[in-house]
Structure formats: C-alpha cells, structure tokens
Amino acid sequence: MLTLQFIPSHELSSLGEEEKIKKLLACVKSNNIVVLDARLKAEEEASLIKYTMGMINNKFKGIEIATINPSDKTLQGFDKFRVNLASMILGREQGLTVIGPATIIKEIKKDPNKIQLFTKRRK
Amino acid sequence: MAIKIGDFINNLFLNIFGKRKSIKLGLYGPPNSGKSSLANKICEDWLGEPLSSVSQIPHETREIKLKEGVTIKSNGKSLTFNVVDTPGIATKIDYTDFLKFKLNSKVAKKRAKEATKGVIESIKWLDDMDAVVVVLDSTKNPYSQVNLTIIGNLAARKTPVLIVGNKIDLKKANVKKIQSAFPQYNIVGVSALNW
C-alpha cells in the first residue's frame with residue numbers, strides 16, 4: 001500500500017531549515033510519499049540531500065524528489081506577476097514538491113508541468 | 001567544442017577574476033555524467049597530466065579532487081586557477097546497484113558509504129566555487145531534480161555557470177533538450193571521450 005502524506009506549507013513555515021528537513025525526512029523514512037504544496041528553496045533542497053546522505057544505510061537508500069514551479073515557464077504576463085506577488089506576500093515558494101523513499105519509488109520523471117512516479121514492484 | 005569551453009574559461013577568468021590570485025573552477029553534475037573525463041581533458045590540455053580516474057561504475061569519484069596551478073594565457077594576460085573535480089550529486093545510493101558491476105558485497109557497501117560522504121562534500125564545496133561547469137549526460141532527461149538543485153544553488157549564489165552536455169557521440173544524445181530546460185544558460189555539447 002502506498003501512502004501519500006500531504007503537508008501544507010504553513011505547517012513548515014515557522015520551522016527553521018534543519019527542523020523543516022528533519023520533519024520531511026521523518027515522514028519519508030516512515031515509507032510515506034510526501035506531497036508539499038510549496039517548493040523548497042534551492043539551498044533547502046541541497047540541505048535535504050546532505051541530510052539524506054547522512055541517513056543512508058542498508059535499509060534506507062535515499063529519496064526521490066521532484067518539484068514543479070508554476071512561475072518557471074508556464075505562466076506569462078499578469079498570471080506570472082500574480083503568482084510572484086502571492087509568493088512574496090505569503091513568503092513561500094509557489095509550486096509543488098513530491099518526496100518519497102527510494103526503496104518504494106523507482107523513478108520520478110518530470111517534465112515542466114507533469115510529475116510521474118514509478119514505483120518498485122515488490123518481489 | 002573544446003574551444004568554446006576554453007573561451008568560457010578565458011572570458012570568465014581573465015575578465016571577471018583577472019585581479020584575483022586563487023580561483024576555483026568546479027565540475028559538478030550527477031554521477032557518471034563525465035565530470036572526471038572532462039576534468040582530465042582540461043588538465044591534460046593545460047598541464048599535460050590527468051586529474052582523476054574514470055570508470056563505468058557510478059560514483060568512481062568519491063572525494064574532491066583538486067588540481068592547482070592551471071595557467072591560462074590570452075591577449076597578454078595570464079591567470080592561474082584550480083580545477084576541482086567533485087563527486088556526483090545524487091539523492092539515493094543503493095549498494096546493491098554496484099553488485100551489478102561484479103563488485104562483492106563488502107566492496108559495494110564501502111563504495112556506497114564513501115559515495116554518501118562524497119555527495120555531502122560536493123554540496124559543502126558549492127560555497128567555495130568561483131565558477132562552475134555543470135556536466136550533464138546529454139542522453140538523460142535534463143529535468144532531474146539533482147540537475148535543478150545544482151543549478152538552482154549556483155544561481156542563488158550568483159556563481160557563473162557553463163552547462164556542458166556530454167556524451168554527444170551517443171545516438172540518444174539530445175543537447176537541444178538541455179537547452180530548452182535551461183534557456184538562460186550557455187550550453188556546450190561535447191564528447192569528453194572523443195575530444
């Protein structure tokens with residue numbers, strides 16, 4: 001059974017970078033696929049990878065992660081302005097982040113507007 | 001294509017860093033994209049000797065490799081810089097993947113452990129780089145999160161970046177896809193093995 005755990009970004013907004021990453025990784029290590037309604041900052045993504053590497057052992061093999069950022073390419077003109085303004089006012093990165101354990105997710109394929117999760121077949 | 005990489009280094013280093021004495025040029029990318037092959041080509045071209053060992057097995061480079069004292073000269077100016085070959089950045093490392101390359105279990109586990117430390121070192125060194133060549137495998141999907149994270153971190157640090165699409169000698173190579181993924185960057189297609 002696959003479990004998707006939705007984490008609203010406001011739950012993380014009061015946390016520092018380390019706490020935020022530890023919370024996300026705790027969910028992933030419990031074999032949940034985390035869906036976050038925001039993007040992590042680039043520096044937070046790098047820290048997430050660093051913490052993940054420090055946790056890898058014979059059971060935990062790491063993570064698969066993908067993000068979609070609506071302000072990247074798909075929006076133009078006023079729509080892009082609106083997204084960026086909302087991002088500035090709300091103080092968070094607009095978008096979507098999906099993180100799952102590498103023992104369950106084989107691969108995440110991503111195009112700019114689409115995320116596909118490929119899970120591992122249990123033997 | 002070698003000329004274009006040379007141009008990038010000449011322009012950046014002589015024009016932007018001309019007055020500085022210690023410049024670090026990092027090679028970043030996912031595992032097995034050809035960072036070490038490219039680092040070897042750069043060092044062989046300017047120093048006459050290679051930098052790193054290369055292998056078909058992912059995570060061959062598990063420690064930062066540094067070659068100091070690479071000197072370039074252009075238009076009467078010269079600058080000495082250091083080439084930093086970094087371990088490939090990954091979000092997962094499974095020792096069983098190495099067993100497919102006929103490594104025994106003990107060696108595979110040791111390699112995986114070293115690889116995790118290598119990834120951490122690569123990320124730590126991001127802060128120390130003056131310019132970076134991001135080496136991507138042009139046969140692979142450029143939208144991988146590792147690629148986006150590396151380039152996003154360099155952009156956040158305002159580090160000058162050149163993206164190299166390596167392995168253009170292979171049939172599946174698609175440098176245009178890399179260009180469309182990162183339209184704001186200069187992309188150079190190369191085959192580090194067939195320079």
# chains A, B, ... in the order shown; residues from 1 in each chain; ligands from 1
$ interface_residues --of "chain B" --to "chain A" --cutoff "6 Å" --atoms "only C-alpha atoms" --output "number ranges by chain"
B: 91-94, 116, 120, 145, 149, 152-153
$ residues_around --residues "A:Gly95" --least-positions-apart "3" --cutoff "9 Å" --atoms "only C-alpha atoms" --output "PDB file with C-alpha atoms, in the first residue's frame"
ATOM      1  CA  LEU A  36       4.089  19.576  -0.087  1.00  0.00           C
ATOM      2  CA  ASP A  37       2.117  22.471  -1.570  1.00  0.00           C
ATOM      3  CA  ALA A  38       5.209  24.629  -1.999  1.00  0.00           C
ATOM      4  CA  ARG A  39       8.701  24.443  -3.377  1.00  0.00           C
ATOM      5  CA  LEU A  40      11.733  24.162  -1.191  1.00  0.00           C
ATOM      6  CA  THR A  67       9.277  19.849  -7.743  1.00  0.00           C
ATOM      7  CA  ILE A  68       7.051  21.826 -10.045  1.00  0.00           C
ATOM      8  CA  ASN A  69       7.288  25.571 -10.123  1.00  0.00           C
ATOM      9  CA  PRO A  70       4.392  27.297 -11.904  1.00  0.00           C
ATOM     10  CA  SER A  71       6.309  30.530 -12.212  1.00  0.00           C
TER      11      SER A  71
END
$ atom_distance --atom1 "atom CA of B:Ala192" --atom2 "atom CA of B:Pro50"
12.7 Å
$ residues_around --residues "B:Gly165" --least-positions-apart "3" --cutoff "9 Å" --atoms "only C-alpha atoms" --output "ChimeraX atom specification"
/B:33,134-139,168,173-175,178,187-191
$ atom_distance --atom1 "atom CA of B:Lys67" --atom2 "atom CA of B:Gly48"
11.8 Å
$ select_by_dssp --residues "chain B" --states "strand (DSSP E)" --output "count of residues only"
41
$ residues_around --residues "A:Asn32" --least-positions-apart "5" --cutoff "8 Å" --atoms "only C-alpha atoms" --output "tab-separated table (two decimals) with N, CA, C and O atoms, in the first residue's frame"
chain	number	residue	atom	x	y	z
A	2	LEU	N	0.52	2.20	-0.85
A	2	LEU	CA	1.24	3.46	-0.89
A	2	LEU	C	0.50	4.51	-0.07
A	2	LEU	O	-0.71	4.62	-0.17
A	3	THR	N	1.23	5.24	0.73
A	3	THR	CA	0.59	6.31	1.49
A	3	THR	C	1.12	7.66	1.04
A	3	THR	O	2.32	7.89	1.05
A	4	LEU	N	0.21	8.51	0.62
A	4	LEU	CA	0.58	9.89	0.29
A	4	LEU	C	0.28	10.76	1.51
A	4	LEU	O	-0.84	10.75	2.02
A	5	GLN	N	1.28	11.46	2.00
A	5	GLN	CA	1.06	12.33	3.15
A	5	GLN	C	1.15	13.78	2.70
A	5	GLN	O	2.22	14.24	2.26
A	27	CYS	N	8.93	11.79	7.75
A	27	CYS	CA	7.75	11.27	7.03
A	27	CYS	C	8.18	10.28	5.95
A	27	CYS	O	7.59	9.21	5.80
A	100	GLY	N	9.71	10.98	-1.92
A	100	GLY	CA	9.39	9.62	-1.49
A	100	GLY	C	10.65	8.81	-1.25
A	100	GLY	O	11.73	9.19	-1.71
A	101	PRO	N	10.52	7.71	-0.52
A	101	PRO	CA	11.69	6.87	-0.25
A	101	PRO	C	12.12	6.11	-1.51
A	101	PRO	O	11.26	5.60	-2.24
$ atom_distance --atom1 "atom CA of A:Lys23" --atom2 "atom CA of B:Gly29"
27.2 Å
$ select_by_dssp --residues "stretch 81-127 of chain B" --states "alpha helix (DSSP H)" --output "list in words"
Tyr95, Thr96, Asp97, Phe98, Leu99, Ser105, Lys106, Val107, Ala108, Lys109, Lys110, Arg111, Ala112, Lys113, Glu114, Ala115, Thr116, Lys117, Gly118, Val119, Ile120, Glu121, Ser122, Ile123, Lys124 and Trp125 of chain B
$ closest_residue --among "A:Lys106, A:Lys22, A:His10, A:Lys29" --to "A:Lys120" --atoms "only C-alpha atoms"
A:Lys106
$ residues_around --residues "A:Lys20" --least-positions-apart "5" --cutoff "10 Å" --atoms "only C-alpha atoms" --output "ChimeraX atom specification"
/A:11-15,25-26,40,44,48
$ residues_around --residues "B:Val70" --least-positions-apart "6" --cutoff "8 Å" --atoms "only C-alpha atoms" --output "mmCIF file with C-alpha atoms, in the first residue's frame"
data_model
loop_
_atom_site.group_PDB
_atom_site.id
_atom_site.type_symbol
_atom_site.label_atom_id
_atom_site.label_comp_id
_atom_site.auth_asym_id
_atom_site.auth_seq_id
_atom_site.Cartn_x
_atom_site.Cartn_y
_atom_site.Cartn_z
ATOM 1 C CA CYS B 43 44.130 19.304 -17.089
ATOM 2 C CA TRP B 46 46.786 22.922 -19.904
ATOM 3 C CA LEU B 47 49.038 20.879 -17.605
ATOM 4 C CA THR B 80 46.345 30.620 -12.630
ATOM 5 C CA PHE B 81 43.364 28.674 -11.368
ATOM 6 C CA ASN B 82 42.495 25.432 -9.621
ATOM 7 C CA VAL B 83 40.313 22.696 -11.129
#
